[in-house]
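Asks: Enclosed is the structure file final_0.pdb (PDB, C-alpha atoms, pLDDT in the B column).
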```
ATOM      1  CA  PHE S  25     106.362  97.620  99.325  1.00 54.00           C
ATOM      2  CA  ASN S  26     103.927 100.321  98.249  1.00 64.00           C
ATOM      3  CA  VAL S  27     100.629  98.424  98.615  1.00 71.00           C
ATOM      4  CA  PRO S  28     100.026  99.586 102.236  1.00 70.00           C
ATOM      5  CA  GLN S  29     100.717 103.177 101.154  1.00 68.00           C
ATOM      6  CA  LEU S  30      98.332 102.940  98.196  1.00 69.00           C
ATOM      7  CA  THR S  31      95.634 101.210 100.240  1.00 72.00           C
ATOM      8  CA  GLY S  32      95.768 103.977 102.846  1.00 72.00           C
ATOM      9  CA  GLU S  33      95.228 106.592 100.122  1.00 72.00           C
ATOM     10  CA  LEU S  34      91.989 105.056  98.831  1.00 72.00           C
ATOM     11  CA  THR S  35      88.979 107.220  99.680  1.00 73.00           C
ATOM     12  CA  PRO S  36      86.539 107.387 101.353  1.00 79.00           C
ATOM     13  CA  GLN S  37      87.317 104.037 103.017  1.00 79.00           C
ATOM     14  CA  PRO S  38      89.970 101.539 101.894  1.00 78.00           C
ATOM     15  CA  THR S  39      88.635  98.035 101.271  1.00 81.00           C
ATOM     16  CA  VAL S  40      89.981  94.830  99.782  1.00 83.00           C
ATOM     17  CA  ARG S  41      87.518  95.149  96.888  1.00 87.00           C
ATOM     18  CA  LYS S  42      88.761  98.662  95.996  1.00 83.00           C
ATOM     19  CA  MET S  43      92.384  97.545  96.173  1.00 83.00           C
ATOM     20  CA  THR S  44      91.570  94.567  93.948  1.00 87.00           C
ATOM     21  CA  VAL S  45      89.966  96.859  91.357  1.00 88.00           C
ATOM     22  CA  VAL S  46      92.978  99.204  91.470  1.00 85.00           C
ATOM     23  CA  SER S  47      95.358  96.252  91.103  1.00 87.00           C
ATOM     24  CA  VAL S  48      93.475  94.766  88.126  1.00 93.00           C
ATOM     25  CA  ILE S  49      93.346  98.118  86.320  1.00 93.00           C
ATOM     26  CA  THR S  50      97.040  98.737  87.005  1.00 89.00           C
ATOM     27  CA  VAL S  51      98.095  95.315  85.739  1.00 93.00           C
ATOM     28  CA  ALA S  52      95.923  95.686  82.609  1.00 96.00           C
ATOM     29  CA  VAL S  53      97.381  99.117  81.778  1.00 96.00           C
ATOM     30  CA  CYS S  54     100.957  97.915  82.382  1.00 93.00           C
ATOM     31  CA  PHE S  55     100.351  94.808  80.242  1.00 96.00           C
ATOM     32  CA  ALA S  56      98.990  96.946  77.390  1.00 96.00           C
ATOM     33  CA  LEU S  57     101.869  99.449  77.591  1.00 95.00           C
ATOM     34  CA  PHE S  58     104.635  96.839  77.875  1.00 93.00           C
ATOM     35  CA  GLY S  59     103.020  94.719  75.162  1.00 95.00           C
ATOM     36  CA  GLY S  60     102.855  97.690  72.792  1.00 95.00           C
ATOM     37  CA  VAL S  61     106.444  98.693  73.507  1.00 88.00           C
ATOM     38  CA  SER S  62     107.577  95.088  72.977  1.00 87.00           C
ATOM     39  CA  VAL S  63     105.795  94.783  69.632  1.00 91.00           C
ATOM     40  CA  PHE S  64     107.166  98.080  68.333  1.00 88.00           C
ATOM     41  CA  GLY S  65     110.640  97.241  69.669  1.00 79.00           C
ATOM     42  CA  VAL S  66     110.688  93.970  67.743  1.00 82.00           C
ATOM     43  CA  LEU S  67     109.361  95.715  64.641  1.00 84.00           C
ATOM     44  CA  ALA S  68     112.002  98.450  64.904  1.00 78.00           C
ATOM     45  CA  PHE S  69     115.072  96.403  65.858  1.00 73.00           C
ATOM     46  CA  GLY S  70     114.253  92.785  65.031  1.00 75.00           C
ATOM     47  CA  VAL S  71     115.278  89.765  67.069  1.00 77.00           C
ATOM     48  CA  GLY S  72     118.685  88.187  67.547  1.00 73.00           C
ATOM     49  CA  GLU S  73     121.636  89.666  65.676  1.00 72.00           C
ATOM     50  CA  GLY S  74     119.960  93.004  64.953  1.00 66.00           C
ATOM     51  CA  GLN S  75     119.181  93.663  68.610  1.00 70.00           C
ATOM     52  CA  ARG S  76     121.837  94.970  70.994  1.00 71.00           C
ATOM     53  CA  ASP S  77     121.896  94.891  74.790  1.00 75.00           C
ATOM     54  CA  SER S  78     120.040  98.152  75.418  1.00 77.00           C
ATOM     55  CA  LEU S  79     117.926 100.809  73.780  1.00 73.00           C
ATOM     56  CA  VAL S  80     120.773 103.300  74.063  1.00 77.00           C
ATOM     57  CA  LEU S  81     123.104 101.013  72.092  1.00 80.00           C
ATOM     58  CA  ASP S  82     120.406 100.313  69.494  1.00 77.00           C
ATOM     59  CA  LEU S  83     119.860 104.028  68.905  1.00 78.00           C
ATOM     60  CA  THR S  84     123.537 105.094  68.929  1.00 79.00           C
ATOM     61  CA  PRO S  85     123.982 105.083  65.113  1.00 80.00           C
ATOM     62  CA  GLU S  86     120.995 107.450  64.751  1.00 81.00           C
ATOM     63  CA  ARG S  87     121.700 109.719  67.734  1.00 79.00           C
ATOM     64  CA  LYS S  88     122.033 112.844  65.556  1.00 86.00           C
ATOM     65  CA  ASN S  89     118.387 112.505  64.546  1.00 89.00           C
ATOM     66  CA  PRO S  90     116.363 114.992  66.697  1.00 91.00           C
ATOM     67  CA  LEU S  91     113.589 112.456  67.274  1.00 89.00           C
ATOM     68  CA  VAL S  92     116.078 109.855  68.530  1.00 85.00           C
ATOM     69  CA  LEU S  93     117.746 112.457  70.760  1.00 87.00           C
ATOM     70  CA  ALA S  94     114.332 113.346  72.212  1.00 90.00           C
ATOM     71  CA  ALA S  95     113.659 109.634  72.826  1.00 84.00           C
ATOM     72  CA  LEU S  96     116.978 109.207  74.662  1.00 83.00           C
ATOM     73  CA  ILE S  97     116.279 112.274  76.820  1.00 86.00           C
ATOM     74  CA  ALA S  98     112.805 110.864  77.572  1.00 86.00           C
ATOM     75  CA  VAL S  99     114.409 107.576  78.647  1.00 82.00           C
ATOM     76  CA  MET S 100     116.720 109.502  80.997  1.00 81.00           C
ATOM     77  CA  PHE S 101     113.813 111.356  82.621  1.00 81.00           C
ATOM     78  CA  SER S 102     111.829 108.117  82.842  1.00 80.00           C
ATOM     79  CA  VAL S 103     114.630 106.372  84.718  1.00 78.00           C
ATOM     80  CA  LEU S 104     115.065 109.305  87.107  1.00 72.00           C
ATOM     81  CA  THR S 105     111.316 109.529  87.765  1.00 74.00           C
ATOM     82  CA  CYS S 106     110.850 105.785  88.264  1.00 75.00           C
ATOM     83  CA  PHE S 107     113.805 105.665  90.644  1.00 71.00           C
ATOM     84  CA  GLN S 108     112.030 108.084  92.976  1.00 69.00           C
ATOM     85  CA  PHE S 109     108.734 106.196  92.740  1.00 71.00           C
ATOM     86  CA  HIS S 110     110.515 103.032  93.885  1.00 71.00           C
ATOM     87  CA  VAL S 111     112.596 104.588  96.654  1.00 73.00           C
ATOM     88  CA  TYR S 112     109.819 106.555  98.372  1.00 74.00           C
ATOM     89  CA  PRO S 113     107.476 103.604  99.104  1.00 76.00           C
ATOM     90  CA  ILE S 114     110.411 101.473 100.278  1.00 74.00           C
ATOM     91  CA  ARG S 115     111.520 104.274 102.578  1.00 74.00           C
ATOM     92  CA  GLN S 116     107.971 104.775 103.881  1.00 76.00           C
ATOM     93  CA  PHE S 117     107.587 101.047 104.531  1.00 79.00           C
ATOM     94  CA  ALA S 118     110.946 100.866 106.343  1.00 78.00           C
ATOM     95  CA  ALA S 119     110.032 103.864 108.521  1.00 77.00           C
ATOM     96  CA  TRP S 120     106.612 102.356 109.287  1.00 79.00           C
ATOM     97  CA  ALA S 121     108.156  98.968 110.162  1.00 82.00           C
ATOM     98  CA  VAL S 122     110.680 100.600 112.527  1.00 81.00           C
ATOM     99  CA  ARG S 123     107.934 102.682 114.201  1.00 80.00           C
ATOM    100  CA  LYS S 124     105.764  99.592 114.697  1.00 82.00           C
ATOM    101  CA  ALA S 125     108.718  97.590 116.036  1.00 85.00           C
ATOM    102  CA  ARG S 126     109.336 100.386 118.553  1.00 83.00           C
ATOM    103  CA  GLY S 127     105.623 100.446 119.494  1.00 83.00           C
ATOM    104  CA  ARG S 128     105.120 104.013 118.284  1.00 81.00           C
ATOM    105  CA  GLY S 129     102.362 105.499 116.149  1.00 75.00           C
ATOM    106  CA  ALA S 130     102.564 107.944 113.273  1.00 69.00           C
ATOM    107  CA  ASP S 131     101.922 110.980 115.495  1.00 71.00           C
ATOM    108  CA  ASP S 132     104.191 110.015 118.415  1.00 73.00           C
ATOM    109  CA  GLU S 133     107.214 111.950 117.182  1.00 71.00           C
ATOM    110  CA  LYS S 134     106.761 114.853 119.634  1.00 74.00           C
ATOM    111  CA  SER S 135     107.089 112.578 122.669  1.00 79.00           C
ATOM    112  CA  ASP S 136     110.112 110.716 121.264  1.00 80.00           C
ATOM    113  CA  VAL S 137     113.701 111.008 122.518  1.00 84.00           C
ATOM    114  CA  LYS S 138     115.633 113.815 120.814  1.00 86.00           C
ATOM    115  CA  TYR S 139     119.211 113.669 119.539  1.00 88.00           C
ATOM    116  CA  PHE S 140     120.844 116.799 118.103  1.00 89.00           C
ATOM    117  CA  GLY S 141     117.463 118.527 117.940  1.00 85.00           C
ATOM    118  CA  ARG S 142     115.666 115.762 116.005  1.00 84.00           C
ATOM    119  CA  SER S 143     113.569 112.900 117.275  1.00 82.00           C
ATOM    120  CA  LEU S 144     114.853 109.342 117.123  1.00 84.00           C
ATOM    121  CA  THR S 145     111.927 108.549 114.799  1.00 80.00           C
ATOM    122  CA  ARG S 146     113.173 111.188 112.338  1.00 80.00           C
ATOM    123  CA  TRP S 147     116.766 109.916 112.546  1.00 86.00           C
ATOM    124  CA  LEU S 148     115.586 106.364 111.821  1.00 82.00           C
ATOM    125  CA  ASP S 149     113.484 107.681 108.921  1.00 79.00           C
ATOM    126  CA  MET S 150     116.531 109.391 107.434  1.00 82.00           C
ATOM    127  CA  ALA S 151     118.643 106.269 107.978  1.00 85.00           C
ATOM    128  CA  SER S 152     116.053 104.080 106.238  1.00 78.00           C
ATOM    129  CA  ALA S 153     116.038 106.523 103.299  1.00 77.00           C
ATOM    130  CA  LEU S 154     119.827 106.365 102.975  1.00 81.00           C
ATOM    131  CA  VAL S 155     119.908 102.575 103.329  1.00 81.00           C
ATOM    132  CA  SER S 156     117.165 102.102 100.707  1.00 74.00           C
ATOM    133  CA  VAL S 157     119.034 104.304  98.216  1.00 74.00           C
ATOM    134  CA  ALA S 158     122.321 102.498  98.962  1.00 79.00           C
ATOM    135  CA  VAL S 159     120.676  99.088  98.429  1.00 75.00           C
ATOM    136  CA  ILE S 160     119.165 100.188  95.132  1.00 69.00           C
ATOM    137  CA  ILE S 161     122.437 101.659  93.859  1.00 71.00           C
ATOM    138  CA  LEU S 162     124.462  98.606  94.828  1.00 69.00           C
TER     139      LEU S 162
END
```
Mind converting the file's structure to structure tokens?
Replies:
Amino acid sequence: FNVPQLTGELTPQPTVRKMTVVSVITVAVCFALFGGVSVFGVLAFGVGEGQRDSLVLDLTPERKNPLVLAALIAVMFSVLTCFQFHVYPIRQFAAWAVRKARGRGADDEKSDVKYFGRSLTRWLDMASALVSVAVIIL
């Protein structure tokens, strides 16, 4: 969902080659990070019987340790931050798709029909934001 948004932010001119380079670098960094976390997770908790369903359950016996508490707080902030990074591009894509389906451009909001002091484009943008959050929560 966020590829059109990221492509539009490439400067000075977005091209397929630049987006390919960005994609390769992103995949390589994610592979290295997830691989490292996986290796250290197996080393810390083992495989099979010693591993519970989630990191929170694995760390529960040691939760009084300040380092473990800091790790759990970091996991909480990570989840909250990642949630926003997923919702915003979905919302932007939904708003863009509705604008295109209506035959309107990005700067056509001033000439749009107004309901309760806001343009229909803005109302549809807010609706797409609420629907995307509802879909993710459900």
Asks: Would you translate the PyMOL selection byres ((chain S and resi 118) around 10) into the concrete set of residues it matches in this file, as a list of chain:residue names?
Replies: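 That expression, the PyMOL selection byres ((chain S and resi 118) around 10), corresponds here to S:Phe25, S:Tyr112, S:Pro113, S:Ile114, S:Arg115, S:Gln116, S:Phe117, S:Ala119, S:Trp120, S:Ala121, S:Val122, S:Arg123, S:Lys124, S:Leu148, S:Asp149, S:Ala151, S:Ser152, S:Ala153, S:Val155, S:Ser156.
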Asks: How many Å separate CA of Arg128 (chain S) from CA of Met43 (chain S)?
Replies: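 Going from CA of Arg128 (chain S) over to CA of Met43 (chain S) covers 26.3 Å.
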Asks: Enter the distance from CA of His110 (chain S) to CA of Val80 (chain S), in Å, rounded to one decimal.
Replies: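 Separation of CA of His110 (chain S) and CA of Val80 (chain S): 22.3 Å.
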Asks: Work out how far CA of Leu83 (chain S) is from CA of Val103 (chain S), in Å to one decimal.
Replies: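 Result for CA of Val103 (chain S) versus CA of Leu83 (chain S): 16.8 Å, one decimal.
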Asks: As a PDB file, keeping the file's coordinate frame, please: region 130-152 of chain S completed to N, CA and C atoms.
Replies:
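Dumped everything to part38.pdb:
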```pdb
ATOM      1  N   ALA S 130     102.121 106.943 114.247  1.00 69.00           N
ATOM      2  CA  ALA S 130     102.564 107.944 113.273  1.00 69.00           C
ATOM      3  C   ALA S 130     102.701 109.330 113.885  1.00 69.00           C
ATOM      4  N   ASP S 131     101.911 109.637 114.905  1.00 71.00           N
ATOM      5  CA  ASP S 131     101.922 110.980 115.495  1.00 71.00           C
ATOM      6  C   ASP S 131     102.653 111.044 116.832  1.00 71.00           C
ATOM      7  N   ASP S 132     103.491 110.063 117.132  1.00 73.00           N
ATOM      8  CA  ASP S 132     104.191 110.015 118.415  1.00 73.00           C
ATOM      9  C   ASP S 132     105.561 110.677 118.391  1.00 73.00           C
ATOM     10  N   GLU S 133     105.870 111.391 117.331  1.00 71.00           N
ATOM     11  CA  GLU S 133     107.214 111.950 117.182  1.00 71.00           C
ATOM     12  C   GLU S 133     107.523 113.019 118.237  1.00 71.00           C
ATOM     13  N   LYS S 134     106.520 113.775 118.664  1.00 74.00           N
ATOM     14  CA  LYS S 134     106.761 114.853 119.634  1.00 74.00           C
ATOM     15  C   LYS S 134     107.203 114.323 120.993  1.00 74.00           C
ATOM     16  N   SER S 135     106.736 113.140 121.364  1.00 79.00           N
ATOM     17  CA  SER S 135     107.089 112.578 122.669  1.00 79.00           C
ATOM     18  C   SER S 135     108.323 111.682 122.602  1.00 79.00           C
ATOM     19  N   ASP S 136     108.963 111.598 121.450  1.00 80.00           N
ATOM     20  CA  ASP S 136     110.112 110.716 121.264  1.00 80.00           C
ATOM     21  C   ASP S 136     111.383 111.363 121.816  1.00 80.00           C
ATOM     22  N   VAL S 137     112.398 110.541 122.051  1.00 84.00           N
ATOM     23  CA  VAL S 137     113.701 111.008 122.518  1.00 84.00           C
ATOM     24  C   VAL S 137     114.347 111.843 121.417  1.00 84.00           C
ATOM     25  N   LYS S 138     115.011 112.930 121.799  1.00 86.00           N
ATOM     26  CA  LYS S 138     115.633 113.815 120.814  1.00 86.00           C
ATOM     27  C   LYS S 138     117.150 113.701 120.884  1.00 86.00           C
ATOM     28  N   TYR S 139     117.762 113.647 119.683  1.00 88.00           N
ATOM     29  CA  TYR S 139     119.211 113.669 119.539  1.00 88.00           C
ATOM     30  C   TYR S 139     119.560 114.769 118.543  1.00 88.00           C
ATOM     31  N   PHE S 140     120.416 115.681 118.950  1.00 89.00           N
ATOM     32  CA  PHE S 140     120.844 116.799 118.103  1.00 89.00           C
ATOM     33  C   PHE S 140     119.649 117.563 117.533  1.00 89.00           C
ATOM     34  N   GLY S 141     118.614 117.732 118.338  1.00 85.00           N
ATOM     35  CA  GLY S 141     117.463 118.527 117.940  1.00 85.00           C
ATOM     36  C   GLY S 141     116.421 117.809 117.100  1.00 85.00           C
ATOM     37  N   ARG S 142     116.627 116.539 116.805  1.00 84.00           N
ATOM     38  CA  ARG S 142     115.666 115.762 116.005  1.00 84.00           C
ATOM     39  C   ARG S 142     115.275 114.516 116.795  1.00 84.00           C
ATOM     40  N   SER S 143     114.047 114.087 116.570  1.00 82.00           N
ATOM     41  CA  SER S 143     113.569 112.900 117.275  1.00 82.00           C
ATOM     42  C   SER S 143     114.237 111.645 116.723  1.00 82.00           C
ATOM     43  N   LEU S 144     114.280 110.611 117.553  1.00 84.00           N
ATOM     44  CA  LEU S 144     114.853 109.342 117.123  1.00 84.00           C
ATOM     45  C   LEU S 144     114.071 108.779 115.937  1.00 84.00           C
ATOM     46  N   THR S 145     112.750 108.999 115.921  1.00 80.00           N
ATOM     47  CA  THR S 145     111.927 108.549 114.799  1.00 80.00           C
ATOM     48  C   THR S 145     112.406 109.185 113.505  1.00 80.00           C
ATOM     49  N   ARG S 146     112.696 110.480 113.540  1.00 80.00           N
ATOM     50  CA  ARG S 146     113.173 111.188 112.338  1.00 80.00           C
ATOM     51  C   ARG S 146     114.542 110.678 111.910  1.00 80.00           C
ATOM     52  N   TRP S 147     115.448 110.450 112.882  1.00 86.00           N
ATOM     53  CA  TRP S 147     116.766 109.916 112.546  1.00 86.00           C
ATOM     54  C   TRP S 147     116.652 108.546 111.888  1.00 86.00           C
ATOM     55  N   LEU S 148     115.771 107.690 112.412  1.00 82.00           N
ATOM     56  CA  LEU S 148     115.586 106.364 111.821  1.00 82.00           C
ATOM     57  C   LEU S 148     114.952 106.471 110.432  1.00 82.00           C
ATOM     58  N   ASP S 149     114.076 107.451 110.231  1.00 79.00           N
ATOM     59  CA  ASP S 149     113.484 107.681 108.921  1.00 79.00           C
ATOM     60  C   ASP S 149     114.570 108.079 107.916  1.00 79.00           C
ATOM     61  N   MET S 150     115.446 108.975 108.322  1.00 82.00           N
ATOM     62  CA  MET S 150     116.531 109.391 107.434  1.00 82.00           C
ATOM     63  C   MET S 150     117.489 108.228 107.152  1.00 82.00           C
ATOM     64  N   ALA S 151     117.765 107.424 108.169  1.00 85.00           N
ATOM     65  CA  ALA S 151     118.643 106.269 107.978  1.00 85.00           C
ATOM     66  C   ALA S 151     118.014 105.261 107.015  1.00 85.00           C
ATOM     67  N   SER S 152     116.710 105.027 107.147  1.00 78.00           N
ATOM     68  CA  SER S 152     116.053 104.080 106.238  1.00 78.00           C
ATOM     69  C   SER S 152     116.058 104.612 104.803  1.00 78.00           C
TER      70      SER S 152
END
```
